[in-house]
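Text of the file run-v8.cif, holding mmCIF, C-alpha atoms:
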```cif
data_protein
loop_
_atom_site.label_atom_id
_atom_site.label_comp_id
_atom_site.auth_asym_id
_atom_site.auth_seq_id
_atom_site.Cartn_x
_atom_site.Cartn_y
_atom_site.Cartn_z
CA MET F 8 0.00 0.00 0.00
CA ILE F 9 1.16 3.54 -0.76
CA ASP F 10 1.75 5.60 2.38
CA LEU F 11 -0.29 8.62 1.23
CA LYS F 12 -0.04 10.33 4.61
CA LEU F 13 3.77 10.30 4.50
CA ILE F 14 3.87 11.46 0.86
CA ILE F 15 1.44 14.35 1.44
CA MET F 16 3.41 15.40 4.53
CA LYS F 17 6.66 15.48 2.53
CA PHE F 18 4.93 17.43 -0.23
CA LEU F 19 3.60 20.04 2.20
CA ILE F 20 6.96 20.36 3.95
CA PHE F 21 8.77 20.81 0.64
CA ASN F 22 6.42 23.54 -0.60
CA THR F 23 6.40 25.27 2.79
CA LEU F 24 10.21 25.46 2.74
CA LEU F 25 10.08 26.59 -0.89
CA PHE F 26 7.59 29.31 0.02
CA PHE F 27 9.50 30.72 3.00
CA SER F 28 13.01 30.31 1.59
CA LEU F 29 12.85 33.66 -0.28
CA LYS F 30 11.10 36.96 0.26
CA THR F 31 7.77 37.03 -1.61
CA LEU F 32 7.91 39.58 -4.41
CA ALA F 33 6.56 40.14 -7.95
CA CYS F 34 6.10 38.33 -11.25
CA ASP F 35 5.95 39.36 -14.88
CA LEU F 36 2.61 40.49 -16.28
CA CYS F 37 2.24 38.18 -19.27
CA GLY F 38 4.23 35.10 -18.32
CA SER F 39 1.51 33.06 -16.68
CA PHE F 40 1.14 30.48 -19.44
CA MET F 41 1.81 26.99 -18.07
CA GLY F 42 0.69 24.46 -20.64
CA VAL F 43 0.26 21.04 -19.05
CA THR F 44 -0.05 18.15 -21.54
CA PRO F 45 -3.20 16.33 -20.40
CA TYR F 46 -2.06 12.78 -21.13
CA ASP F 47 1.66 12.59 -20.30
CA ASN F 48 2.89 10.55 -17.36
CA GLN F 49 6.67 10.43 -17.65
CA SER F 50 9.67 12.51 -16.69
CA GLN F 51 10.52 14.73 -19.63
CA LEU F 52 12.50 17.58 -21.20
CA THR F 53 10.83 20.21 -23.40
CA LEU F 54 12.13 22.97 -25.63
CA MET F 55 9.32 25.50 -26.05
CA HIS F 56 8.89 28.72 -28.02
CA ARG F 57 6.13 31.24 -27.19
CA TYR F 58 5.23 34.32 -29.22
CA ARG F 59 2.70 36.95 -28.16
CA VAL F 60 1.88 40.30 -29.74
CA PHE F 61 -0.17 43.38 -28.83
CA ASN F 62 -1.36 45.64 -31.67
CA GLY F 63 -4.21 48.04 -32.49
CA TYR F 64 -5.62 50.88 -30.36
CA ARG F 65 -9.14 50.19 -29.11
CA ASN F 66 -10.03 53.90 -28.95
CA TYR F 67 -9.12 54.32 -32.64
CA GLN F 68 -11.19 51.34 -33.86
CA GLN F 69 -8.09 49.58 -35.15
CA THR F 70 -8.06 45.85 -35.91
CA SER F 71 -5.32 43.85 -34.24
CA ARG F 72 -2.89 41.94 -36.44
CA PHE F 73 -0.96 38.92 -35.24
CA LEU F 74 1.96 39.08 -37.72
CA MET F 75 3.25 42.65 -37.69
CA PRO F 76 6.16 43.83 -39.88
CA GLY F 77 9.20 43.85 -37.61
CA ALA F 78 7.41 42.38 -34.60
CA TYR F 79 8.83 38.90 -35.04
CA LYS F 80 12.01 39.35 -37.07
CA THR F 81 14.96 40.57 -35.03
CA MET F 82 16.01 44.20 -35.56
CA HIS F 83 19.78 44.61 -35.52
CA ASP F 84 19.89 48.37 -34.95
CA PRO F 85 17.62 49.22 -31.98
CA THR F 86 18.99 52.71 -31.36
CA ILE F 87 15.97 54.16 -29.55
CA VAL F 88 14.87 52.80 -26.18
CA THR F 89 12.14 53.54 -23.68
CA GLY F 90 12.97 55.00 -20.29
CA ASP F 91 11.23 54.76 -16.92
CA SER F 92 8.78 57.54 -17.67
CA ALA F 93 5.42 56.87 -19.26
CA ILE F 94 5.37 56.59 -23.04
CA GLU F 95 3.80 59.58 -24.76
CA ILE F 96 2.15 58.28 -27.91
CA LYS F 97 1.14 60.93 -30.42
CA ASN F 98 0.30 59.24 -33.71
CA HIS F 99 -1.44 56.07 -32.41
CA SER F 100 -0.33 54.29 -35.55
CA SER F 101 -1.88 50.97 -36.53
CA LYS F 102 1.72 49.79 -37.03
CA ASP F 103 2.56 50.17 -33.32
CA TYR F 104 3.12 46.91 -31.44
CA GLU F 105 4.54 45.12 -28.45
CA SER F 106 5.80 41.58 -29.02
CA TYR F 107 7.20 38.99 -26.63
CA LYS F 108 9.24 35.99 -27.80
CA VAL F 109 10.33 33.40 -25.25
CA VAL F 110 12.45 30.26 -25.65
CA GLU F 111 12.19 27.93 -22.66
CA LEU F 112 13.88 24.76 -21.48
CA ARG F 113 11.36 22.88 -19.35
CA GLY F 114 11.94 19.77 -17.28
CA LYS F 115 9.81 17.38 -15.25
CA TYR F 116 11.02 14.64 -12.90
CA PHE F 117 8.93 12.25 -10.84
CA LEU F 118 10.29 11.74 -7.31
CA HIS F 119 7.39 9.34 -6.76
CA PRO F 120 4.69 8.03 -9.14
CA SER F 121 2.39 10.70 -7.66
CA TRP F 122 4.88 13.52 -6.97
CA GLU F 123 6.56 15.56 -9.71
CA LEU F 124 9.12 18.40 -9.76
CA ASN F 125 9.28 20.92 -12.62
CA PHE F 126 11.56 23.73 -13.78
CA ILE F 127 11.41 26.41 -16.52
CA LEU F 128 14.52 28.24 -17.77
CA PRO F 129 13.47 31.08 -20.15
CA VAL F 130 15.23 33.52 -22.49
CA GLN F 131 13.03 36.40 -23.66
CA GLN F 132 13.05 39.02 -26.40
CA ILE F 133 10.80 42.08 -26.06
CA LYS F 134 10.20 44.31 -29.08
CA THR F 135 8.19 47.52 -29.12
CA LYS F 136 7.28 50.19 -31.65
CA TYR F 137 5.49 53.42 -30.69
CA ASP F 138 5.18 56.04 -33.42
CA GLU F 139 8.64 55.77 -35.03
CA GLU F 140 10.49 54.69 -31.87
CA LYS F 141 11.64 51.07 -31.81
CA ASN F 142 13.21 49.02 -29.05
CA THR F 143 14.54 45.46 -28.80
CA ASN F 144 15.63 43.90 -25.52
CA THR F 145 16.91 40.31 -25.32
CA GLY F 146 18.10 38.50 -22.22
CA MET F 147 17.57 35.85 -19.60
CA SER F 148 14.17 35.92 -17.89
CA ASP F 149 13.26 34.63 -14.43
CA PRO F 150 13.38 30.83 -13.97
CA THR F 151 10.56 28.96 -12.27
CA LEU F 152 10.47 25.94 -9.95
CA PHE F 153 7.24 24.17 -9.04
CA SER F 154 6.04 20.90 -7.58
CA GLY F 155 2.79 18.99 -8.07
CA TYR F 156 1.17 16.09 -6.26
CA HIS F 157 -1.28 13.74 -8.04
CA LEU F 158 -4.28 13.56 -5.71
CA ILE F 159 -6.21 11.45 -8.23
CA LYS F 160 -4.41 9.24 -10.73
CA ARG F 161 -6.59 6.78 -12.64
CA LEU F 162 -4.90 6.35 -16.03
CA ASN F 163 -3.69 3.03 -17.42
CA GLY F 164 -6.27 0.25 -17.16
CA TYR F 165 -9.23 2.58 -16.59
CA VAL F 166 -11.97 3.14 -19.18
CA THR F 167 -12.60 6.61 -17.79
CA LYS F 168 -9.25 8.23 -17.05
CA GLN F 169 -8.86 10.97 -14.45
CA ARG F 170 -6.04 12.95 -12.93
CA LEU F 171 -6.04 15.77 -10.38
CA ILE F 172 -2.81 17.61 -9.55
CA ALA F 173 -2.36 20.20 -6.81
CA GLY F 174 0.85 22.20 -6.85
CA ALA F 175 2.80 25.27 -5.87
CA GLY F 176 5.86 27.05 -7.20
CA ILE F 177 8.20 29.98 -7.01
CA LYS F 178 9.81 32.32 -9.54
CA LEU F 179 13.41 33.34 -8.88
CA PRO F 180 14.87 36.84 -9.59
CA MET F 181 17.71 35.69 -11.86
CA GLY F 182 16.65 37.46 -15.06
CA ILE F 183 18.06 40.77 -16.33
CA SER F 184 16.02 43.54 -14.68
CA ASP F 185 18.30 46.60 -14.61
CA LYS F 186 19.05 47.19 -18.29
CA GLN F 187 19.76 50.82 -19.15
CA ASN F 188 19.18 52.93 -22.22
CA ASP F 189 21.76 54.98 -24.12
CA GLU F 190 21.43 57.75 -21.52
CA PHE F 191 22.23 55.29 -18.71
CA ASN F 192 18.72 55.40 -17.28
CA ARG F 193 17.05 52.18 -16.23
CA MET F 194 14.42 51.08 -18.72
CA SER F 195 10.78 50.54 -17.75
CA LEU F 196 9.93 47.27 -16.00
CA LEU F 197 7.61 46.48 -18.92
CA ASN F 198 10.71 46.40 -21.15
CA GLN F 199 12.88 44.31 -18.82
CA ASN F 200 13.42 40.60 -19.39
CA GLY F 201 13.45 39.90 -15.66
CA THR F 202 11.64 41.48 -12.74
CA GLY F 203 14.35 41.53 -10.06
CA SER F 204 11.77 39.99 -7.76
CA VAL F 205 10.21 36.76 -6.54
CA ASP F 206 6.61 35.57 -6.78
CA HIS F 207 4.88 32.37 -5.75
CA PHE F 208 1.83 30.64 -7.17
CA TYR F 209 -0.59 27.79 -6.58
CA TYR F 210 -2.39 25.69 -9.17
CA LEU F 211 -4.84 22.85 -9.75
CA ASN F 212 -4.82 20.69 -12.88
CA TYR F 213 -7.62 18.25 -13.73
CA MET F 214 -7.96 15.87 -16.67
CA LEU F 215 -10.90 13.63 -17.61
CA SER F 216 -10.93 11.42 -20.73
CA ARG F 217 -12.87 8.47 -22.09
CA LYS F 218 -12.18 6.52 -25.27
CA TRP F 219 -11.23 9.10 -27.94
CA PHE F 220 -12.02 12.44 -26.25
CA GLY F 221 -11.38 14.35 -23.03
CA ILE F 222 -11.12 17.68 -21.23
CA ALA F 223 -8.36 19.25 -19.17
CA THR F 224 -8.29 22.44 -17.13
CA ASN F 225 -5.63 24.29 -15.20
CA CYS F 226 -6.22 27.21 -12.83
CA MET F 227 -3.40 29.20 -11.27
CA PHE F 228 -3.28 32.05 -8.75
CA LYS F 229 -0.17 34.23 -8.23
CA ILE F 230 0.61 36.29 -5.16
CA ASN F 231 3.04 39.11 -5.92
CA GLY F 232 5.10 41.55 -3.89
CA SER F 233 7.44 44.40 -4.85
CA ASN F 234 11.04 44.61 -6.08
CA GLN F 235 13.86 46.90 -4.99
CA TYR F 236 12.51 49.68 -7.23
CA HIS F 237 9.14 49.60 -5.42
CA GLU F 238 7.44 48.06 -8.46
CA LYS F 239 4.90 45.27 -8.22
CA TYR F 240 2.16 43.61 -10.21
CA ALA F 241 -1.22 43.01 -8.67
CA ASN F 242 -2.10 39.40 -7.86
CA SER F 243 -3.09 37.57 -11.03
CA TYR F 244 -5.34 34.68 -12.04
CA ASN F 245 -5.07 32.34 -15.02
CA GLN F 246 -7.58 29.68 -16.17
CA VAL F 247 -6.97 27.26 -19.05
CA LEU F 248 -9.54 24.87 -20.57
CA ASN F 249 -8.60 22.28 -23.18
CA VAL F 250 -11.14 20.02 -24.97
CA PHE F 251 -9.22 17.39 -26.94
CA ALA F 252 -9.62 14.24 -29.02
CA LYS F 253 -7.30 11.21 -29.26
CA LEU F 254 -6.53 9.58 -32.62
CA GLU F 255 -3.99 6.82 -33.27
CA PHE F 256 -2.33 5.55 -36.46
CA ASN F 257 0.11 2.80 -35.53
CA LYS F 258 2.74 4.52 -33.33
CA LEU F 259 1.67 8.02 -34.35
CA LYS F 260 -0.87 9.68 -32.06
CA PHE F 261 -2.80 12.91 -32.77
CA PHE F 262 -4.36 15.11 -30.10
CA PRO F 263 -6.35 17.92 -31.78
CA ALA F 264 -7.96 20.33 -29.33
CA VAL F 265 -9.68 23.64 -28.71
CA PHE F 266 -7.70 25.72 -26.25
CA ALA F 267 -9.17 28.59 -24.15
CA ASN F 268 -7.11 30.79 -21.83
CA TYR F 269 -8.43 33.50 -19.48
CA GLU F 270 -6.01 35.91 -17.79
CA TYR F 271 -6.65 38.65 -15.25
CA CYS F 272 -4.29 41.12 -13.56
CA ASN F 273 -5.12 44.61 -12.29
CA GLY F 274 -1.79 45.93 -13.56
CA LEU F 275 1.56 47.37 -12.56
CA PHE F 276 2.07 49.45 -9.40
CA VAL F 277 5.02 51.83 -9.05
CA ASN F 278 5.50 53.37 -5.59
CA GLY F 279 1.96 52.26 -4.79
CA ASN F 280 0.42 53.97 -7.84
CA LEU F 281 -1.36 51.90 -10.50
CA GLN F 282 0.03 52.60 -13.97
CA LYS F 283 -2.66 53.23 -16.56
CA GLY F 284 -2.88 50.80 -19.45
CA THR F 285 -1.07 47.91 -17.71
CA ASN F 286 -4.13 45.84 -16.78
CA VAL F 287 -4.85 42.42 -18.31
CA ASN F 288 -8.41 41.05 -18.62
CA VAL F 289 -8.52 38.85 -21.69
CA LEU F 290 -9.92 35.59 -23.04
CA LEU F 291 -7.93 33.84 -25.77
CA LEU F 292 -9.33 30.96 -27.84
CA GLY F 293 -7.89 28.82 -30.61
CA PRO F 294 -6.89 25.40 -31.94
CA SER F 295 -4.03 23.21 -30.82
CA ILE F 296 -2.62 19.88 -31.95
CA ASP F 297 -0.07 17.57 -30.38
CA LEU F 298 1.70 14.82 -32.32
CA SER F 299 3.23 11.93 -30.41
CA TYR F 300 5.63 9.32 -31.81
CA ASN F 301 7.46 6.91 -29.52
CA ARG F 302 8.96 9.19 -26.84
CA PHE F 303 8.72 12.46 -28.78
CA VAL F 304 5.80 14.90 -28.63
CA LEU F 305 5.34 17.98 -30.82
CA ASN F 306 3.09 20.56 -29.12
CA THR F 307 1.48 23.46 -31.00
CA SER F 308 -1.29 25.95 -30.18
CA PHE F 309 -2.70 29.16 -31.70
CA GLN F 310 -4.87 31.50 -29.63
CA PHE F 311 -6.66 34.68 -30.68
CA ASN F 312 -8.39 37.41 -28.73
CA VAL F 313 -12.14 36.80 -28.30
CA TYR F 314 -12.76 39.09 -25.30
CA GLU F 315 -10.76 41.88 -23.70
CA ARG F 316 -11.21 44.84 -21.40
CA VAL F 317 -8.38 47.24 -22.12
CA SER F 318 -7.73 50.95 -21.62
CA SER F 319 -8.70 53.04 -24.64
CA GLN F 320 -5.13 54.25 -25.16
CA SER F 321 -3.59 50.77 -24.84
CA LEU F 322 -2.70 48.21 -27.48
CA SER F 323 -5.06 45.24 -27.79
CA ASN F 324 -4.02 41.63 -27.27
CA ALA F 325 -3.69 40.16 -30.77
CA GLY F 326 -2.90 36.56 -29.82
CA ARG F 327 -0.35 33.92 -28.88
CA PHE F 328 1.47 31.11 -30.67
CA VAL F 329 3.21 28.23 -28.87
CA VAL F 330 5.32 25.39 -30.26
CA GLY F 331 7.32 22.85 -28.29
CA LEU F 332 9.22 19.58 -28.66
CA THR F 333 9.13 17.14 -25.73
CA TYR F 334 11.16 14.01 -25.03
CA ASP F 335 9.68 11.55 -22.53
CA PHE F 336 11.95 9.38 -20.40
CA ASN F 337 10.91 5.83 -19.66
CA GLN F 338 11.19 6.22 -15.90
CA ASN F 339 10.84 3.01 -13.89
CA LYS F 340 12.66 3.98 -10.68
CA TYR F 341 11.85 6.74 -8.19
CA LEU F 342 13.72 8.36 -5.33
CA ILE F 343 10.68 7.86 -3.11
CA LYS F 344 9.36 4.32 -3.39
CA SER F 345 5.73 3.23 -3.10
CA LYS F 346 4.83 0.87 -0.31
CA ASN F 347 2.85 -2.16 -1.48
#
```
I'd like the structure from this file rewritten - as structure tokens, please.
Amino acid sequence: MIDLKLIIMKFLIFNTLLFFSLKTLACDLCGSFMGVTPYDNQSQLTLMHRYRVFNGYRNYQQTSRFLMPGAYKTMHDPTIVTGDSAIEIKNHSSKDYESYKVVELRGKYFLHPSWELNFILPVQQIKTKYDEEKNTNTGMSDPTLFSGYHLIKRLNGYVTKQRLIAGAGIKLPMGISDKQNDEFNRMSLLNQNGTGSVDHFYYLNYMLSRKWFGIATNCMFKINGSNQYHEKYANSYNQVLNVFAKLEFNKLKFFPAVFANYEYCNGLFVNGNLQKGTNVNVLLLGPSIDLSYNRFVLNTSFQFNVYERVSSQSLSNAGRFVVGLTYDFNQNKYLIKSKN
């Protein structure tokens, strides 16, 4: 028999130590995406690329465009940068944008068949264009550590498969957060790759599938503090819902799905003052498909803006694209053994 009491106690002790080991501070505004493959059950390594773009001013009845000229391709001569002061936009051009490209190395390791550890190591590029001013900032972003315990795990051998994971994590202030412009002034936090701060979060992940279809959902709540510059983001909430199908052709498996993602954050505070136009209240919706062959999984998803409450002078959320390649390890041994 599995000693669930001992495992849960170790899980709670680990996350309690993780929570109190560092001062609780802030997180980035748009980095709350945590895609959890609804059918995997092995230790794994993933290389993931995320792209997100903001374009189009709501107050000027402009239509957002996902692929903006210059928003994705790297500019090699970013001579104009944005300082700490608020951006004064005069032209409100439809060609203005903010884009975020992230490359992440993700890892998962099972200490026990029901207890997993995860890490995310990201590198981020932020590109902005306001009127004729362009800026590109590339550097290491803040890494993340989190742990999840499988409260319900009915997978192999069950007609109706279920899994419920409860977890917690922490984001470490190791990214670049003090980059300066040509005048040696620190750039705005919105243009920094890191935050110089720490945040922690809690999440629940549930999956239910039967025969060739299923649903999966993930909800996450972040509690944020402030960094050394007295900057902080309000606490944020993220909810993901994934309705998927399962198709098999020999060793090749297809998992087409519809992917919905709701994000909410009141915005950025500087010295206790909320900065206008930094709030996030958006629902993204779009297709995704995962391809699995042997131990490799190709993950892709496309999400577009279907609902958003944004300040009239702010750029709208145009959408997000995610692609990743995962390698699953055939793990048969665990550091913490089950008791039969």
Using all atoms listed in the file, determine which residues lie at most 8 Å from segment 252-256 of chain F, disregarding the query and same-chain residues fewer than 6 positions distant; provide the list as a PyMOL selection string. chain F and resi 218-221+262-264
If we count only C-alpha atoms and set the cut-off at 9 Å, which residues sit around Ser295 of chain F, ignoring sequence neighbours fewer than 4 positions away in its own chain? Please answer as JSON, numbers by chain. {"F": [249, 251, 262, 263, 264, 265, 266, 306, 307, 308, 309, 310]}
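Every protein, DNA or RNA residue with an atom at most 10 Å from Gly176 of chain F, where only C-alpha atoms count and chain neighbours fewer than 6 positions away do not, is listed here: Asn22, Leu25, Phe26, Leu124, Asn125, Phe126, Thr151, Leu152, Phe153, Ser154, Gly155, Asp206, His207, Phe208, Tyr209, Tyr210 and Lys229 of chain F.
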In terms of all atoms listed in the file, the residue from F:Phe311, F:Met227, F:Glu105, F:Asp189 at minimal distance from Lys141 of chain F is F:Glu105
Pairwise distance, atom CA of Cys226 of chain F with atom CA of Gln246 of chain F, equals 4.4 Å
If the PyMOL selection byres ((chain F and resi 148) around 12) is run on the structure shown, which residues does it catch, given as an NGL selection string? :F and (34-35 or 38 or 107-112 or 127-133 or 144-147 or 149-151 or 178-185 or 198-204)
For this file, the PyMOL selection byres ((chain F and resi 51) around 12) selects which residues, as an MDAnalysis selection string? chainID F and resid 44 47:50 52:54 112:117 123:126 302:304 332:338
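Between atom CA of Lys160 of chain F and atom CA of Ser121 of chain F there is a distance of 7.6 Å.
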Spatial neighbours of Tyr236 of chain F, 12 Å, all atoms listed in the file, chain gap at least 4 places, as a list of chain:residue names: F:Leu32, F:Ala33, F:Asp91, F:Ser184, F:Asp185, F:Arg193, F:Met194, F:Ser195, F:Leu196, F:Thr202, F:Gly203, F:Ser204, F:Gly232, F:Phe276, F:Val277, F:Asn278, F:Gly279
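Across F:Leu211, F:Val250, F:Leu171, F:Leu290, the tightest approach to Asn324 of chain F is made by F:Leu290 when counting only C-alpha atoms.
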Rounded to one decimal in Å, what is the spacing between atom CA of Leu275 of chain F and atom CA of Ala241 of chain F? 6.5 Å
Contacts of Ser243 of chain F at 7 Å (all atoms listed in the file; same-chain gap of 3+ positions) as a list in words: Phe228, Lys229, Tyr271 and Cys272 of chain F
Exactly which residues make up the result of the PyMOL selection byres ((chain F and resi 315) around 10) on this file, given as a PDB file with C-alpha atoms, in the coordinates of the input?
```
ATOM      1  CA  TYR F 269      -8.430  33.500 -19.480  1.00  0.00           C
ATOM      2  CA  GLU F 270      -6.010  35.910 -17.790  1.00  0.00           C
ATOM      3  CA  TYR F 271      -6.650  38.650 -15.250  1.00  0.00           C
ATOM      4  CA  VAL F 287      -4.850  42.420 -18.310  1.00  0.00           C
ATOM      5  CA  ASN F 288      -8.410  41.050 -18.620  1.00  0.00           C
ATOM      6  CA  VAL F 289      -8.520  38.850 -21.690  1.00  0.00           C
ATOM      7  CA  LEU F 290      -9.920  35.590 -23.040  1.00  0.00           C
ATOM      8  CA  LEU F 291      -7.930  33.840 -25.770  1.00  0.00           C
ATOM      9  CA  ASN F 312      -8.390  37.410 -28.730  1.00  0.00           C
ATOM     10  CA  VAL F 313     -12.140  36.800 -28.300  1.00  0.00           C
ATOM     11  CA  TYR F 314     -12.760  39.090 -25.300  1.00  0.00           C
ATOM     12  CA  ARG F 316     -11.210  44.840 -21.400  1.00  0.00           C
ATOM     13  CA  VAL F 317      -8.380  47.240 -22.120  1.00  0.00           C
ATOM     14  CA  SER F 318      -7.730  50.950 -21.620  1.00  0.00           C
ATOM     15  CA  SER F 323      -5.060  45.240 -27.790  1.00  0.00           C
ATOM     16  CA  ASN F 324      -4.020  41.630 -27.270  1.00  0.00           C
TER      17      ASN F 324
END
```
The residues within 12 Å of (-7.0, 6.5, -10.4), using all atoms listed in the file and the coordinates of the file, should be reported as a ChimeraX atom specification; which are they? /F:120-121,157-172,214-215
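Nearest residue to Met55 of chain F, choosing from F:Tyr341, F:Phe328, F:Tyr300, F:Trp122 and counting all atoms listed in the file: F:Phe328.
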Please determine, counting all atoms listed in the file, which residue among F:Lys260, F:Gly284, F:Asp103, F:Ala173 has the shortest atom-to-atom distance to Asp297 of chain F. F:Lys260
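Among the candidates F:Pro294, F:Leu118, F:Asn242, F:Asn301, the residue lying nearest to Lys258 of chain F is F:Asn301 (atoms considered: only C-alpha atoms).
Distance annotation: of F:Gln282, F:Ala267, F:Val205, F:Asn192, the residue with the minimal separation from Asn225 of chain F is F:Ala267; atom set is all atoms listed in the file.
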